[in-house]
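Written out below as structure tokens is the structure these notes cover.
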Amino acid sequence: FICVDALDEFVEEQRAGLLLSLHQILEKPSNTKLFLTGRPHIGSELKSNTPLHTSIVLIQPLFSDIEMHLATKLDTDPHPRAMDNRLRSEIMTKIPQESCEMQFYC
């Protein structure tokens, strides 16, 4: 397996080259599989700009599950004084929202 996480965060100008390289690896006889994650707009980019044949799996985690996981991690932070209430609030707001927008491509 080759796993590329957060493909949407890869430099846009170089993303097509990366996808072409991955396609060349997959063309060779092997058992290599590709697993990509990214935000929704990457799906249309994969279909229109690359010869990769993909299956798209939309994963939408529950907002409450992400909040609960984050709260647990923040509550067990080994350096609790490094974060004030404003930062904690920002983490608890932004990360769940952005995490609920991910998609997986196989």
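Identifiers in this document derive from the order of the structure tokens: chains are assigned A, B, ..., residues are numbered from 1 separately in each chain, and ligands are numbered from 1 in order of occurrence.
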From the DSSP assignment of the backbone, select every residue of chain A that is strand (DSSP E or B), and format the answer as a ChimeraX atom specification. /A:2-4,34-38,56-58,103-105
Save out the residues we just selected, C-alpha atoms, as a short mmCIF file (atom, residue, chain, number, x, y, z; two decimals), in the first residue's frame.
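Now in result.cif:
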data_model
loop_
_atom_site.label_atom_id
_atom_site.label_comp_id
_atom_site.auth_asym_id
_atom_site.auth_seq_id
_atom_site.Cartn_x
_atom_site.Cartn_y
_atom_site.Cartn_z
CA ILE A 2 1.01 3.56 -0.72
CA CYS A 3 -0.86 5.99 1.51
CA VAL A 4 -1.02 9.71 0.75
CA LEU A 34 -3.04 3.24 -3.47
CA PHE A 35 -4.95 4.96 -0.65
CA LEU A 36 -5.48 8.72 -0.78
CA THR A 37 -7.31 11.09 1.53
CA GLY A 38 -8.40 14.61 0.77
CA ILE A 56 -14.45 7.19 -3.78
CA VAL A 57 -15.56 6.47 -0.25
CA LEU A 58 -17.18 9.37 1.55
CA GLN A 103 -13.01 11.92 1.69
CA PHE A 104 -11.03 8.77 0.97
CA TYR A 105 -9.98 7.50 -2.46
#
Using DSSP assignments from the backbone, pull out every residue in chain A that falls under alpha helix (DSSP H) and give it to me as an MDAnalysis selection string. chainID A and resid 12:27 41:49 63:75 85:99
Export N, CA and C atoms of the chosen residues as a short mmCIF file (atom, residue, chain, number, x, y, z; two decimals), in the first residue's frame?
data_model
loop_
_atom_site.label_atom_id
_atom_site.label_comp_id
_atom_site.auth_asym_id
_atom_site.auth_seq_id
_atom_site.Cartn_x
_atom_site.Cartn_y
_atom_site.Cartn_z
N GLU A 12 -0.51 22.58 -5.19
CA GLU A 12 -1.41 22.38 -6.32
C GLU A 12 -0.67 22.27 -7.65
N GLU A 13 0.34 23.09 -7.86
CA GLU A 13 1.07 23.08 -9.12
C GLU A 13 1.82 21.77 -9.35
N GLN A 14 2.12 21.03 -8.29
CA GLN A 14 2.88 19.79 -8.42
C GLN A 14 2.02 18.54 -8.21
N ARG A 15 0.76 18.72 -7.88
CA ARG A 15 -0.11 17.59 -7.57
C ARG A 15 -0.31 16.68 -8.78
N ALA A 16 -0.49 17.25 -9.97
CA ALA A 16 -0.69 16.43 -11.17
C ALA A 16 0.52 15.55 -11.43
N GLY A 17 1.72 16.08 -11.21
CA GLY A 17 2.95 15.30 -11.38
C GLY A 17 3.02 14.14 -10.40
N LEU A 18 2.62 14.39 -9.16
CA LEU A 18 2.59 13.33 -8.15
C LEU A 18 1.61 12.24 -8.56
N LEU A 19 0.42 12.63 -8.99
CA LEU A 19 -0.59 11.66 -9.38
C LEU A 19 -0.15 10.85 -10.59
N LEU A 20 0.52 11.50 -11.53
CA LEU A 20 1.03 10.78 -12.70
C LEU A 20 2.09 9.76 -12.28
N SER A 21 2.97 10.14 -11.37
CA SER A 21 3.99 9.21 -10.86
C SER A 21 3.34 8.02 -10.16
N LEU A 22 2.32 8.27 -9.38
CA LEU A 22 1.61 7.19 -8.70
C LEU A 22 0.95 6.26 -9.72
N HIS A 23 0.38 6.86 -10.77
CA HIS A 23 -0.24 6.05 -11.83
C HIS A 23 0.80 5.15 -12.50
N GLN A 24 1.99 5.68 -12.75
CA GLN A 24 3.05 4.88 -13.38
C GLN A 24 3.45 3.70 -12.49
N ILE A 25 3.47 3.91 -11.19
CA ILE A 25 3.77 2.81 -10.26
C ILE A 25 2.69 1.75 -10.34
N LEU A 26 1.44 2.18 -10.41
CA LEU A 26 0.32 1.24 -10.43
C LEU A 26 0.20 0.49 -11.76
N GLU A 27 0.74 1.06 -12.84
CA GLU A 27 0.69 0.40 -14.14
C GLU A 27 1.56 -0.84 -14.19
N HIS A 41 -13.07 18.38 -3.18
CA HIS A 41 -12.69 18.86 -4.52
C HIS A 41 -11.61 18.01 -5.17
N ILE A 42 -10.88 17.22 -4.40
CA ILE A 42 -9.83 16.37 -4.95
C ILE A 42 -10.43 15.27 -5.82
N GLY A 43 -11.63 14.80 -5.48
CA GLY A 43 -12.27 13.75 -6.26
C GLY A 43 -12.46 14.15 -7.71
N SER A 44 -12.96 15.35 -7.94
CA SER A 44 -13.16 15.80 -9.32
C SER A 44 -11.83 16.03 -10.01
N GLU A 45 -10.83 16.46 -9.28
CA GLU A 45 -9.49 16.63 -9.85
C GLU A 45 -8.90 15.29 -10.27
N LEU A 46 -9.08 14.27 -9.45
CA LEU A 46 -8.59 12.94 -9.78
C LEU A 46 -9.24 12.43 -11.06
N LYS A 47 -10.53 12.64 -11.19
CA LYS A 47 -11.25 12.14 -12.36
C LYS A 47 -10.91 12.90 -13.63
N SER A 48 -10.69 14.20 -13.53
CA SER A 48 -10.48 15.00 -14.73
C SER A 48 -9.02 15.15 -15.15
N ASN A 49 -8.08 15.06 -14.22
CA ASN A 49 -6.69 15.35 -14.56
C ASN A 49 -5.75 14.17 -14.55
N PHE A 63 -19.66 14.51 14.27
CA PHE A 63 -19.09 15.70 14.89
C PHE A 63 -18.85 15.45 16.38
N SER A 64 -19.81 14.81 17.03
CA SER A 64 -19.71 14.57 18.48
C SER A 64 -18.57 13.60 18.81
N ASP A 65 -18.29 12.63 17.93
CA ASP A 65 -17.18 11.70 18.16
C ASP A 65 -15.84 12.43 18.12
N ILE A 66 -15.71 13.34 17.16
CA ILE A 66 -14.47 14.10 17.03
C ILE A 66 -14.30 15.01 18.24
N GLU A 67 -15.38 15.67 18.65
CA GLU A 67 -15.31 16.53 19.83
C GLU A 67 -14.90 15.74 21.07
N MET A 68 -15.48 14.56 21.24
CA MET A 68 -15.17 13.74 22.41
C MET A 68 -13.70 13.30 22.40
N HIS A 69 -13.21 12.90 21.23
CA HIS A 69 -11.81 12.50 21.12
C HIS A 69 -10.88 13.67 21.43
N LEU A 70 -11.17 14.83 20.85
CA LEU A 70 -10.34 16.01 21.11
C LEU A 70 -10.35 16.40 22.58
N ALA A 71 -11.52 16.40 23.18
CA ALA A 71 -11.63 16.77 24.60
C ALA A 71 -10.79 15.83 25.46
N THR A 72 -10.84 14.54 25.16
CA THR A 72 -10.03 13.57 25.91
C THR A 72 -8.55 13.86 25.75
N LYS A 73 -8.13 14.12 24.52
CA LYS A 73 -6.71 14.42 24.27
C LYS A 73 -6.29 15.70 24.98
N LEU A 74 -7.11 16.72 24.91
CA LEU A 74 -6.77 17.99 25.55
C LEU A 74 -6.77 17.87 27.07
N ASP A 75 -7.68 17.07 27.60
CA ASP A 75 -7.74 16.89 29.06
C ASP A 75 -6.54 16.12 29.59
N ASN A 85 -7.75 29.09 27.43
CA ASN A 85 -9.13 28.73 27.06
C ASN A 85 -9.49 29.13 25.64
N ARG A 86 -8.92 30.23 25.17
CA ARG A 86 -9.20 30.69 23.81
C ARG A 86 -8.68 29.68 22.79
N LEU A 87 -7.45 29.20 22.99
CA LEU A 87 -6.87 28.22 22.07
C LEU A 87 -7.66 26.91 22.12
N ARG A 88 -7.99 26.47 23.33
CA ARG A 88 -8.78 25.23 23.46
C ARG A 88 -10.11 25.37 22.71
N SER A 89 -10.76 26.50 22.86
CA SER A 89 -12.04 26.73 22.18
C SER A 89 -11.86 26.70 20.67
N GLU A 90 -10.80 27.31 20.18
CA GLU A 90 -10.53 27.33 18.74
C GLU A 90 -10.29 25.91 18.22
N ILE A 91 -9.51 25.12 18.96
CA ILE A 91 -9.25 23.73 18.57
C ILE A 91 -10.56 22.94 18.54
N MET A 92 -11.38 23.12 19.56
CA MET A 92 -12.63 22.37 19.66
C MET A 92 -13.66 22.80 18.61
N THR A 93 -13.48 23.97 18.01
CA THR A 93 -14.39 24.45 16.98
C THR A 93 -13.90 24.08 15.58
N LYS A 94 -12.64 24.40 15.28
CA LYS A 94 -12.14 24.25 13.91
C LYS A 94 -11.86 22.81 13.49
N ILE A 95 -11.23 22.04 14.34
CA ILE A 95 -10.84 20.68 13.94
C ILE A 95 -12.05 19.81 13.63
N PRO A 96 -13.09 19.79 14.46
CA PRO A 96 -14.24 18.96 14.10
C PRO A 96 -14.90 19.39 12.78
N GLN A 97 -14.99 20.69 12.54
CA GLN A 97 -15.60 21.17 11.30
C GLN A 97 -14.80 20.69 10.09
N GLU A 98 -13.49 20.85 10.13
CA GLU A 98 -12.65 20.49 9.00
C GLU A 98 -12.54 18.98 8.84
N SER A 99 -12.56 18.25 9.93
CA SER A 99 -12.46 16.79 9.86
C SER A 99 -13.68 16.17 9.22
#
Restricting to only C-alpha atoms, whichever of A:Asp84, A:Pro40, A:Lys33, A:Leu62 is closest to Phe1 (chain A) is A:Lys33
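The coordinates place CA of Leu7 (chain A) at 29.3 Å from CA of Met83 (chain A).
Picture a line from CA of Arg39 (chain A) to CA of Asp5 (chain A); it runs 10.3 Å.
Atom pair CA of Thr76 (chain A) / CA of Pro61 (chain A) has a distance of 22.4 Å (rounded to one decimal).
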